[in-house]
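Participant: See model06.txt below, with compact mmCIF, C-alpha atoms.
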# COMPACT_ATOMS: atom_id res chain seq x y z
CA MET I 193 0.00 0.00 0.00
CA SER I 194 1.65 3.22 -1.10
CA ASP I 195 1.48 6.08 1.36
CA ASP I 196 0.33 8.43 -1.33
CA SER I 197 -2.75 6.42 -2.03
CA THR I 198 -4.96 9.28 -0.82
CA ASP I 199 -5.39 10.43 -4.39
CA ASN I 200 -7.06 7.23 -5.31
CA ALA I 201 -8.52 6.28 -1.94
CA LYS I 202 -12.20 6.84 -1.77
CA SER I 203 -14.83 6.33 0.87
CA MET I 204 -18.11 4.47 0.76
CA SER I 205 -21.17 4.20 2.93
CA ILE I 206 -23.90 1.59 2.69
CA ILE I 207 -27.32 1.69 4.31
CA VAL I 208 -28.25 -1.93 4.91
CA THR I 209 -31.99 -2.36 5.18
CA LYS I 210 -32.60 -6.01 4.43
CA GLY I 211 -31.81 -9.12 6.41
CA SER I 212 -32.59 -12.15 4.31
CA LEU I 213 -29.83 -14.49 3.18
CA ASP I 214 -29.82 -13.32 -0.41
CA TRP I 215 -29.92 -9.63 0.49
CA ALA I 216 -27.12 -10.03 3.02
CA TYR I 217 -24.61 -10.60 0.25
CA PRO I 218 -24.54 -7.31 -1.70
CA PRO I 219 -23.67 -5.07 1.27
CA PHE I 220 -21.02 -7.40 2.67
CA ILE I 221 -19.42 -8.20 -0.69
CA LEU I 222 -19.29 -4.55 -1.72
CA GLY I 223 -18.17 -3.41 1.73
CA THR I 224 -15.36 -5.93 2.12
CA THR I 225 -14.14 -5.49 -1.45
CA ALA I 226 -14.07 -1.70 -1.10
CA ALA I 227 -12.22 -1.98 2.20
CA ALA I 228 -9.77 -4.44 0.60
CA MET I 229 -9.15 -1.76 -2.02
CA ASP I 230 -8.19 0.71 0.69
CA MET I 231 -11.46 2.61 0.75
CA LYS I 232 -12.88 3.83 4.02
CA VAL I 233 -16.18 1.99 4.49
CA THR I 234 -19.11 2.65 6.81
CA MET I 235 -22.11 0.37 6.99
CA PHE I 236 -25.28 1.58 8.64
CA PHE I 237 -27.64 -1.25 9.58
CA THR I 238 -31.28 -0.38 9.94
CA PHE I 239 -34.60 -2.24 9.96
CA TYR I 240 -34.12 -5.77 8.75
CA GLY I 241 -30.43 -5.11 8.23
CA LEU I 242 -30.10 -5.45 12.00
CA ALA I 243 -30.54 -9.21 11.58
CA LEU I 244 -27.09 -9.24 9.99
CA LEU I 245 -25.50 -7.96 13.20
CA LYS I 246 -26.93 -10.58 15.52
CA LYS I 247 -24.39 -12.69 17.38
CA LYS I 248 -25.85 -15.91 16.07
CA LEU I 249 -26.79 -15.54 12.43
CA ASN I 250 -29.86 -17.40 11.32
CA LEU I 251 -30.54 -15.88 7.95
CA LYS I 252 -33.58 -17.00 6.10
CA PHE I 253 -34.56 -17.09 2.51
CA THR I 254 -37.85 -17.42 0.72
CA THR I 255 -38.88 -17.93 -2.85
CA LEU I 256 -42.23 -16.32 -2.11
CA GLY I 257 -42.65 -13.10 -4.02
CA ASN I 258 -39.21 -13.55 -5.54
CA PRO I 259 -40.19 -13.81 -9.20
CA ALA I 260 -36.58 -13.52 -10.37
CA MET I 261 -35.41 -16.45 -8.27
CA GLU I 262 -34.52 -19.51 -10.30
CA MET I 263 -32.47 -22.26 -8.71
CA PRO I 264 -30.10 -24.22 -10.90
CA MET I 265 -31.60 -27.69 -10.82
CA MET I 266 -31.02 -30.77 -12.85
CA GLY I 267 -29.21 -28.94 -15.62
CA GLY I 268 -31.76 -26.15 -15.96
CA HIS I 269 -33.22 -23.39 -13.84
CA MET I 270 -36.39 -23.80 -11.87
CA ALA I 271 -38.56 -21.20 -10.24
CA MET I 272 -40.86 -22.18 -7.42
CA PRO I 273 -44.56 -21.33 -7.70
CA ASN I 274 -45.70 -19.01 -4.91
CA LEU I 275 -48.33 -21.48 -3.79
CA LEU I 276 -45.64 -24.04 -3.07
CA SER I 277 -43.43 -21.65 -1.15
CA VAL I 278 -46.08 -21.05 1.53
CA MET I 279 -46.19 -24.69 2.53
CA PRO I 280 -44.64 -25.44 5.90
CA GLY I 281 -41.01 -26.39 5.72
CA VAL I 282 -40.47 -25.16 2.18
CA GLY I 283 -38.96 -21.84 3.27
CA GLY I 284 -36.51 -23.60 5.53
CA ALA I 285 -35.63 -26.07 2.81
CA ALA I 286 -35.06 -23.27 0.30
CA GLY I 287 -32.71 -21.56 2.74
CA LYS I 288 -30.78 -24.76 3.30
CA MET I 289 -30.58 -25.41 -0.43
CA MET I 290 -29.29 -21.90 -1.03
CA LYS I 291 -26.62 -22.26 1.67
CA ASN I 292 -25.53 -25.61 0.23
CA LEU I 293 -25.34 -24.13 -3.25
CA MET I 294 -23.16 -21.31 -1.95
CA LYS I 295 -20.84 -23.73 -0.18
CA GLN I 296 -20.60 -25.90 -3.27
CA LYS I 297 -19.68 -22.95 -5.49
CA GLY I 298 -17.08 -21.59 -3.09
CA VAL I 299 -19.08 -18.51 -2.19
CA ALA I 300 -18.17 -17.10 1.20
CA SER I 301 -20.65 -17.51 4.04
CA ILE I 302 -22.12 -14.38 5.58
CA GLU I 303 -20.34 -15.28 8.82
CA ASP I 304 -16.99 -15.20 7.00
CA LEU I 305 -17.78 -11.97 5.19
CA ARG I 306 -18.87 -10.33 8.40
CA GLU I 307 -15.68 -11.43 10.13
CA ALA I 308 -13.70 -10.02 7.20
CA SER I 309 -15.60 -6.74 7.59
CA VAL I 310 -14.51 -6.49 11.21
CA ASP I 311 -10.92 -7.42 10.27
CA LEU I 312 -10.88 -4.77 7.57
CA GLU I 313 -12.03 -2.23 10.15
CA ILE I 314 -15.27 -1.33 8.43
CA ARG I 315 -17.19 1.07 10.62
CA MET I 316 -20.44 -0.70 11.48
CA ILE I 317 -23.26 1.33 12.95
CA ALA I 318 -26.55 -0.09 14.20
CA CYS I 319 -29.59 2.11 13.99
CA GLN I 320 -30.57 2.92 17.57
CA MET I 321 -34.19 3.52 16.64
CA THR I 322 -34.61 0.12 15.02
CA LEU I 323 -32.98 -1.57 17.97
CA ASP I 324 -35.52 0.05 20.25
CA LEU I 325 -38.39 -0.64 17.88
CA PHE I 326 -37.78 -4.36 17.66
CA GLU I 327 -36.66 -4.52 21.29
CA TYR I 328 -33.11 -5.64 20.71
CA THR I 329 -30.21 -4.66 22.93
CA GLN I 330 -26.59 -4.12 22.07
CA ASP I 331 -25.92 -7.47 23.79
CA ASP I 332 -27.83 -9.28 21.06
CA MET I 333 -25.42 -7.89 18.50
CA ILE I 334 -21.78 -8.65 17.79
CA ASP I 335 -19.08 -6.64 19.49
CA GLY I 336 -17.41 -3.71 17.89
CA ILE I 337 -20.45 -1.94 16.51
CA GLU I 338 -21.48 1.62 17.23
CA LEU I 339 -24.99 2.88 17.85
CA GLY I 340 -26.31 5.87 15.99
CA GLY I 341 -29.22 7.55 14.37
CA ALA I 342 -30.06 9.14 11.07
CA ALA I 343 -27.95 12.21 11.80
CA THR I 344 -24.93 9.99 12.45
CA TYR I 345 -25.40 8.42 9.05
CA MET I 346 -25.98 11.77 7.34
CA GLU I 347 -22.77 13.16 8.75
CA VAL I 348 -20.82 10.21 7.34
CA ALA I 349 -22.65 10.28 4.01
CA SER I 350 -22.02 13.97 3.49
CA LYS I 351 -18.32 13.19 3.33
CA THR I 352 -18.32 9.88 1.46
CA ASP I 353 -17.75 9.48 -2.26
CA ILE I 354 -20.01 6.48 -2.75
CA ASN I 355 -23.31 6.10 -0.92
CA LEU I 356 -25.43 3.05 -1.46
CA PHE I 357 -28.87 2.07 -0.25
CA ILE I 358 -29.34 -1.69 -0.23
CA MET N 35 12.54 -9.97 -1.80
CA ALA N 36 10.40 -12.87 -0.73
CA VAL N 37 7.87 -14.75 -2.82
CA HIS N 38 4.65 -15.85 -1.15
CA GLU N 39 1.88 -18.00 -2.53
CA LEU N 40 -1.87 -17.92 -2.23
CA ASN N 41 -4.03 -20.76 -3.43
CA ALA N 42 -7.48 -19.28 -4.00
CA GLU N 43 -8.72 -22.16 -6.14
CA GLY N 44 -12.39 -22.95 -5.65
CA LEU N 45 -13.08 -19.58 -4.04
CA ASN N 46 -15.48 -17.12 -5.57
CA CYS N 47 -15.76 -13.34 -5.49
CA PRO N 48 -14.88 -11.58 -3.25
CA LEU N 49 -12.72 -14.16 -1.45
CA PRO N 50 -9.72 -14.13 -3.83
CA ILE N 51 -9.39 -10.35 -3.37
CA LEU N 52 -9.98 -10.49 0.39
CA LYS N 53 -7.43 -13.23 0.93
CA ALA N 54 -4.89 -11.52 -1.31
CA LYS N 55 -5.36 -8.27 0.60
CA LYS N 56 -4.85 -10.03 3.92
CA MET N 57 -1.61 -11.61 2.73
CA LEU N 58 -0.31 -8.45 1.07
CA LYS N 59 -0.77 -6.58 4.33
CA GLY N 60 1.85 -8.80 5.95
CA LEU N 61 4.37 -8.49 3.13
CA ALA N 62 7.30 -6.10 2.92
CA ALA N 63 7.62 -3.68 0.02
CA GLY N 64 9.11 -5.51 -2.93
CA ASP N 65 7.75 -8.92 -1.92
CA VAL N 66 5.77 -10.81 -4.51
CA LEU N 67 2.50 -12.66 -4.01
CA LYS N 68 1.70 -15.45 -6.48
CA ILE N 69 -1.98 -16.26 -6.69
CA ARG N 70 -3.84 -19.22 -8.16
CA SER N 71 -7.55 -18.79 -8.79
CA THR N 72 -10.35 -20.61 -10.58
CA ASP N 73 -12.67 -17.59 -10.58
CA PRO N 74 -12.81 -16.06 -14.09
CA GLY N 75 -14.03 -12.79 -12.58
CA SER N 76 -10.76 -12.50 -10.69
CA VAL N 77 -8.91 -11.50 -13.86
CA ALA N 78 -10.65 -8.13 -14.06
CA ASP N 79 -10.83 -7.91 -10.26
CA PHE N 80 -7.08 -8.20 -9.64
CA SER N 81 -6.37 -5.68 -12.35
CA ALA N 82 -8.80 -3.22 -10.74
CA PHE N 83 -7.45 -4.00 -7.28
CA CYS N 84 -3.88 -3.22 -8.30
CA THR N 85 -4.82 -0.07 -10.18
CA HIS N 86 -6.66 1.25 -7.16
CA THR N 87 -4.31 0.21 -4.37
CA GLY N 88 -1.07 0.98 -6.20
CA ASN N 89 0.26 -2.56 -5.84
CA LYS N 90 1.95 -3.72 -9.03
CA LEU N 91 0.35 -6.43 -11.14
CA LEU N 92 3.45 -8.14 -12.52
CA SER N 93 1.64 -10.76 -14.55
CA SER N 94 -1.80 -12.16 -15.27
CA SER N 95 -2.02 -15.44 -17.15
CA SER N 96 -3.89 -18.70 -17.27
CA GLU N 97 -3.00 -22.37 -17.32
CA GLY N 98 -6.05 -24.30 -18.45
CA ASP N 99 -8.75 -23.55 -15.87
CA ILE N 100 -6.39 -21.87 -13.44
CA TYR N 101 -5.72 -18.13 -13.48
CA LEU N 102 -2.31 -17.04 -12.25
CA PHE N 103 -1.39 -13.63 -10.93
CA GLU N 104 1.79 -12.09 -9.58
CA ILE N 105 1.44 -8.98 -7.49
CA GLU N 106 4.30 -6.95 -6.10
CA ARG N 107 3.68 -5.21 -2.82
CA THR N 108 4.60 -1.55 -3.19
Now that the file is in, can you turn its structure into structure tokens?

Facilitator:
Amino acid sequence: MSDDSTDNAKSMSIIVTKGSLDWAYPPFILGTTAAAMDMKVTMFFTFYGLALLKKKLNLKFTTLGNPAMEMPMMGGHMAMPNLLSVMPGVGGAAGKMMKNLMKQKGVASIEDLREASVDLEIRMIACQMTLDLFEYTQDDMIDGIELGGAATYMEVASKTDINLFI
Amino acid sequence: MAVHELNAEGLNCPLPILKAKKMLKGLAAGDVLKIRSTDPGSVADFSAFCTHTGNKLLSSSSEGDIYLFEIERT
């Protein structure tokens, strides 16, 4: 890393609003990659994004209402009809299938990506309001995160080059 | 000038970059990191990574299904 990398070094902030298994990937992949490229990264977790900060991750996935979702199966791609995805056990099975697919293809787990985020010193802020709303405490979340509100995020975003809402 | 190796075969984006970054951090200036990857996306990724971080991409080639990179820590 050259010391004069400030010319190229940029900063990025991401507002993370979703907490399902599939939606957990974009913020963590973008965040860790940017940090690996020497950018200063801040991730602000709000609403369902809070699920990604829980000590024990239990991310879920559903095919319901996911019209673009097609699993590679038996040589082709198969979508699941909505009616089938509401049946008990199907959601859980879809999540398991997705996690297995990821493992098989060498895609990092969210646990690994989150650990990499902490290693890469990404600033992770949990939305205080959402914590209160869903009655979570800081103890439910992993260590090393800050608490903040909208103004905290705005202050960061006003100085960052790239701001994403996921 | 030491040469280090990273086997990133079987790993998909963004793991090759993340692992390379972790190793490069521990290298001295002038050291070289040789990387093996099976991720076709890593070709463009390592080029972008080096351009942005200032590390030098010494070579980028392929051997069948394996992509090989040599990065010099600057």

Participant: Please determine, counting only C-alpha atoms, which residue among I:Thr234, I:Ser301, I:Gln320, I:Thr209 has the shortest atom-to-atom distance to chain N.

Facilitator: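 Ranking I:Thr234, I:Ser301, I:Gln320, I:Thr209 by distance to chain N, first place goes to I:Ser301.
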
Participant: Extract, using all atoms listed in the file, all DNA, RNA and protein residues at most 12 Å from Ala82 (chain N), discarding same-chain residues fewer than 2 positions from it, and format them as a list in words.

Facilitator: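 Contacts, with the query itself left out: Asn200, Thr225, Ala226, Ala228 and Met229 of chain I; Ile51, Gly75, Ser76, Val77, Ala78, Asp79, Phe80, Cys84, Thr85, His86, Thr87, Gly88, Asn89, Lys90 and Leu91 of chain N.
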
Participant: Given the choices I:Ile302, I:Ile207, I:Ala243, I:Met235, which gets closest to chain N if the distance is worked out from only C-alpha atoms?

Facilitator: I:Ile302

Participant: Mind pulling up the distance from CA of Lys55 (chain N) to CA of Ala300 (chain I)?

Facilitator: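 Those two atoms sit 15.6 Å apart.
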
Participant: Output as a ChimeraX atom specification the set of chain N residues within 12 Å of chain I, with distances taken over only C-alpha atoms.

Facilitator: /N:42-65,71-73,79-90,105-108

Participant: Nearest to Met289 (chain I): which of I:Leu242, I:Gly268, I:Leu213, I:Lys351 is it, counting all atoms listed in the file?

Facilitator: I:Leu213

Participant: Please report, as lines of an AutoDock Vina configuration file, the centre and edge lengths in Å to one decimal of an axis-aligned box covering all listed atoms of region 37-47 of chain N with 3 Å per side.

Facilitator:
center_x = -3.9
center_y = -18.1
center_z = -3.6
size_x = 29.6
size_y = 15.6
size_z = 11.0

Participant: Just the residues within 12 Å of region 252-266 of chain I, please, counting all atoms listed in the file, with nothing from its chain fewer than 2 positions along; format it as JSON, numbers by chain.

Facilitator: {"I": [210, 211, 212, 213, 214, 215, 216, 240, 243, 244, 249, 250, 268, 269, 270, 271, 272, 273, 274, 275, 276, 277, 278, 279, 280, 281, 282, 283, 284, 285, 286, 287, 288, 289, 290, 291, 292, 293, 294, 297, 302]}

Participant: Just to confirm, what's the straight-line distance from CA of Ser350 (chain I) to CA of Met204 (chain I) in Å (one decimal)?

Facilitator: 10.6 Å

Participant: Could you check how far CA of Ala342 (chain I) sits from CA of Gln330 (chain I), in Å to one decimal?

Facilitator: 17.6 Å

Participant: Find, counting all atoms listed in the file, the residue in I:Ile206, I:Met316, I:Leu245, I:Ile354 that gets nearest to Met333 (chain I).

Facilitator: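 When distances to Met333 (chain I) are compared using all atoms listed in the file, the smallest one comes from I:Leu245.
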